[in-house]
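Down below is the structure, laid out as structure tokens.
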Amino acid sequence: MKYIVILGDGMADYPVKELDNKTPLEKAYKPNIDSLCKKGVLGLVSNVPENLSPGSDVANLSAMGYDPQKYYSGRSPLEAVSIGIDLKDTDVVFRCNVVTLTEDEENYTDKKVIDHSADEITTEEAAELIKAVQKEFGNEFLTFYPGISYRHALVWDKGSLNVNLTPPHDILERVIGDYMPKGDGSDVLFEMMKKSYDVLKDHPINISRKERGLNPANSIWIWGEGKKPLLDSFEDKYGKKSAVISAVDLIKGIAICASMESIDVEGATGNIHTNFKGKADAALNALRNGKDFVYIHMEAPDECGHRHEIENKVKSIEIIDKEVVGYIVDELKKDGESFKIIVLPDHPTPLELRTHTREPVPFLIYDSTDEKNNEFSSYTEENAKKSGLYIENGYTLIERIFS
């Protein structure tokens, strides 16, 4: 028996006026997912405990079978592990986005966040910007590390977790003065963010980007604090040889900390232009070469939600259906392999809000050896509610395919 989790990050949503008051899941043409829904089990699962923020870190820990109340130690340390940073016990790690702020206001705190990803800046361009930031602010306690695209890390030796920081994707189009750092060391964090605007706004990378009609990465934004993570081995916990396929440092970091193989796929970007087919092929290769379990993470629906790209969010679901779900199911059946699949989002990323929410999300479980004929022929938020099946602790969902 092989086991697969196919996770469309932020795939759940609210009804959208431009989609005839349907959600993207309701609007999307997804015959493969709907077929599994009809032949499987449909329900709702809560991946985010009430006392934790609805971030992809918390929600994906749950979806991977780890109780975030026990294992969550912050988002940034997971990303730091992924990009090869050797953390000490005294280190506090922060996510450091390069973002696009409005330029007309004289005071930094009067500016607004236009784009939390600076038009999904290339990794190569961003590395040059982070190099400039490190040169300006780095010292024996503070070190900036380049990551992928707009996602980077700040490590503060002997820093404090007693801080209140806001994710930039939660405050798009809002004046940033209301969301400045608060708590221990907040003056240091604020000064670096403020001064980074002067360091970056006229950087050659940003001048070139503006000439090409792209958003400049004209400021850093610091958030997502945490300490060195400690996760139990997935194989020790569940008895399965496992692999994770994702373009996102956060998910790769969870995999590394859980002693799961993290498989890189050429052309995997974390947006709608990612190599969906390549991810599916990598999953099949892993399953055919000794892995029992594969977790396939696709960021595209979440990014479309943050960017309010209505048509692209629908399209991303349709691509996942065709190039990942349908393809994997067909190939495993050709192989004569018995398998179980879970399809789900980690959390909603509603287009109207452009940020994460904590509502339960729809899931389906399909078992190739035990096909059902249930009343729900479409995988949607509303049908999942109607099913009456609700799993309160998301980290227990994965046990249903292993039992």
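Each chain of the structure tokens is named A, B, ... in the order shown, its residues numbered from 1; ligands are numbered from 1 in display order.
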
DSSP on the backbone, then: every residue of segment 68-308 of chain A marked helix (DSSP H, G or I), written as JSON, numbers by chain. {"A": [68, 69, 70, 71, 75, 76, 77, 78, 79, 80, 81, 82, 108, 109, 110, 123, 124, 125, 126, 127, 128, 129, 130, 131, 132, 133, 134, 135, 136, 137, 168, 169, 170, 176, 177, 178, 179, 186, 187, 188, 189, 190, 191, 192, 193, 194, 195, 196, 197, 198, 199, 200, 204, 205, 206, 207, 208, 209, 210, 211, 234, 235, 236, 237, 238, 249, 250, 251, 252, 253, 254, 255, 256, 257, 276, 277, 278, 279, 280, 281, 282, 283, 284, 285, 286, 287, 288, 300, 301, 302, 303, 304, 305, 306]}

Residues of segment 90-163 of chain A in strand (DSSP E), written as a PyMOL selection string: chain A and resi 91-101+113-115+142-148+151-157+163

Could you write out the selected residues, including C-alpha atoms, as a PDB file, in the first residue's frame?
ATOM      1  CA  ASP A  91      19.487  31.808  18.287  1.00  0.00           C
ATOM      2  CA  VAL A  92      16.143  33.412  17.528  1.00  0.00           C
ATOM      3  CA  VAL A  93      15.249  33.275  13.849  1.00  0.00           C
ATOM      4  CA  PHE A  94      13.004  35.692  11.956  1.00  0.00           C
ATOM      5  CA  ARG A  95      11.545  35.545   8.458  1.00  0.00           C
ATOM      6  CA  CYS A  96      12.811  38.493   6.442  1.00  0.00           C
ATOM      7  CA  ASN A  97      10.712  39.269   3.386  1.00  0.00           C
ATOM      8  CA  VAL A  98      11.786  41.737   0.740  1.00  0.00           C
ATOM      9  CA  VAL A  99       8.571  43.654   0.048  1.00  0.00           C
ATOM     10  CA  THR A 100       7.251  46.493  -2.072  1.00  0.00           C
ATOM     11  CA  LEU A 101       6.169  49.618  -0.185  1.00  0.00           C
ATOM     12  CA  VAL A 113       2.561  47.275   1.656  1.00  0.00           C
ATOM     13  CA  ILE A 114       1.722  46.895  -2.034  1.00  0.00           C
ATOM     14  CA  ASP A 115       3.226  43.455  -2.548  1.00  0.00           C
ATOM     15  CA  LEU A 142      22.681  39.815  13.708  1.00  0.00           C
ATOM     16  CA  THR A 143      23.089  37.851  10.464  1.00  0.00           C
ATOM     17  CA  PHE A 144      20.930  37.951   7.338  1.00  0.00           C
ATOM     18  CA  TYR A 145      20.811  34.865   5.102  1.00  0.00           C
ATOM     19  CA  PRO A 146      19.428  34.728   1.543  1.00  0.00           C
ATOM     20  CA  GLY A 147      16.705  32.193   0.846  1.00  0.00           C
ATOM     21  CA  ILE A 148      14.401  31.658  -2.134  1.00  0.00           C
ATOM     22  CA  ARG A 151      11.744  34.633   1.600  1.00  0.00           C
ATOM     23  CA  HIS A 152      14.909  35.152   3.668  1.00  0.00           C
ATOM     24  CA  ALA A 153      16.144  34.771   7.243  1.00  0.00           C
ATOM     25  CA  LEU A 154      17.514  36.927  10.044  1.00  0.00           C
ATOM     26  CA  VAL A 155      19.288  35.131  12.903  1.00  0.00           C
ATOM     27  CA  TRP A 156      19.681  37.060  16.174  1.00  0.00           C
ATOM     28  CA  ASP A 157      22.027  35.360  18.611  1.00  0.00           C
ATOM     29  CA  VAL A 163       7.970  40.250  20.339  1.00  0.00           C
TER      30      VAL A 163
END

List the spatial neighbours of segment 203-207 of chain A as a PyMOL selection string - criterion: any atom at most 12 Å away, only C-alpha atoms, same-chain residues fewer than 4 positions off excluded. chain A and resi 98-100+118-119+121-133+196-199+211-219

When you look at Ile272 of chain A with a cut-off of 8 Å (counting only C-alpha atoms), what residues show up, excluding the ones that are within fewer than 4 positions of it in the same chain? I need them as a list of chain:residue names.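 Counting only the stated atoms, we get A:Glu299, A:Ala300, A:Pro301, A:Cys304, A:Asn312, A:Ser316.
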
Close residues, segment 177-185 of chain A itself excluded, 9 Å, only C-alpha atoms, min 2 positions apart in chain, as a list in words: Tyr108, Thr109, Asp110, Lys111, Lys112, Gly159, Ser160, Leu161, Asn162, Val163, Asn164, Leu165, Thr166, Ile171, Arg174, Val175, Asp187, Val188, Leu189, Phe190, Ile222 and Trp223 of chain A

Using only C-alpha atoms: which of A:Tyr395, A:Tyr379, A:Phe234, A:Phe402 has the shortest distance to Gln69 of chain A: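 With only C-alpha atoms as the atom set, the closest residue is A:Tyr395.
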
Between segment 292-366 of chain A and segment 32-40 of chain A, at 8 Å or less, what are the per-residue closest atom pairs and their distances in Å? Count only C-alpha atoms, order by chain and rising residue number, and return it as JSON lines.
{"residue": "A:Asp321", "atom": "CA", "partner": "A:Asn32", "partner_atom": "CA", "distance": 5.9}
{"residue": "A:Lys322", "atom": "CA", "partner": "A:Asn32", "partner_atom": "CA", "distance": 6.9}
{"residue": "A:Val325", "atom": "CA", "partner": "A:Asn32", "partner_atom": "CA", "distance": 6.6}
{"residue": "A:Gly326", "atom": "CA", "partner": "A:Asn32", "partner_atom": "CA", "distance": 5.2}
{"residue": "A:Val343", "atom": "CA", "partner": "A:Ile33", "partner_atom": "CA", "distance": 7.9}
{"residue": "A:Leu364", "atom": "CA", "partner": "A:Cys37", "partner_atom": "CA", "distance": 5.9}
{"residue": "A:Ile365", "atom": "CA", "partner": "A:Gly40", "partner_atom": "CA", "distance": 5.5}
{"residue": "A:Tyr366", "atom": "CA", "partner": "A:Gly40", "partner_atom": "CA", "distance": 4.4}

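Nearest residue to Asp13 of chain A, choosing from A:Leu44, A:Met260, A:Leu52, A:Leu25 and counting only C-alpha atoms: A:Leu25.
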
Choose the residue, out of A:Ala384, A:Met298, A:Ile319, A:Val41, that has the smallest atom-to-atom separation from Ala28 of chain A; count only C-alpha atoms. A:Ile319

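Remark: for Ile251 of chain A, the closest of the candidate residues A:Val58, A:Leu230, A:Leu397, A:Leu351 is A:Val58 (distances computed over only C-alpha atoms).
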
Pick out the closest residue to Pro77 of chain A from this set: A:Ala280, A:Pro168, A:Leu231, A:Glu352. Count only C-alpha atoms.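 The closest residue to Pro77 of chain A is A:Leu231.
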
Give me, please, the distance in Å between atom CA of Asp104 of chain A and atom CA of Leu172 of chain A, quoted to one decimal. 16.6 Å

Just how far from atom CA of Thr357 of chain A is atom CA of Ser117 of chain A, in Å to one decimal?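 Separation of atom CA of Ser117 of chain A and atom CA of Thr357 of chain A: 19.5 Å.
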
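Distances from A:Glu120, A:Glu399, A:Asp264, A:Glu26 to Asn383 of chain A were compared using only C-alpha atoms, and the smallest one belongs to A:Glu26.
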
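Across the structure, atom CA of Glu392 of chain A and atom CA of Thr349 of chain A are spaced 19.5 Å apart.
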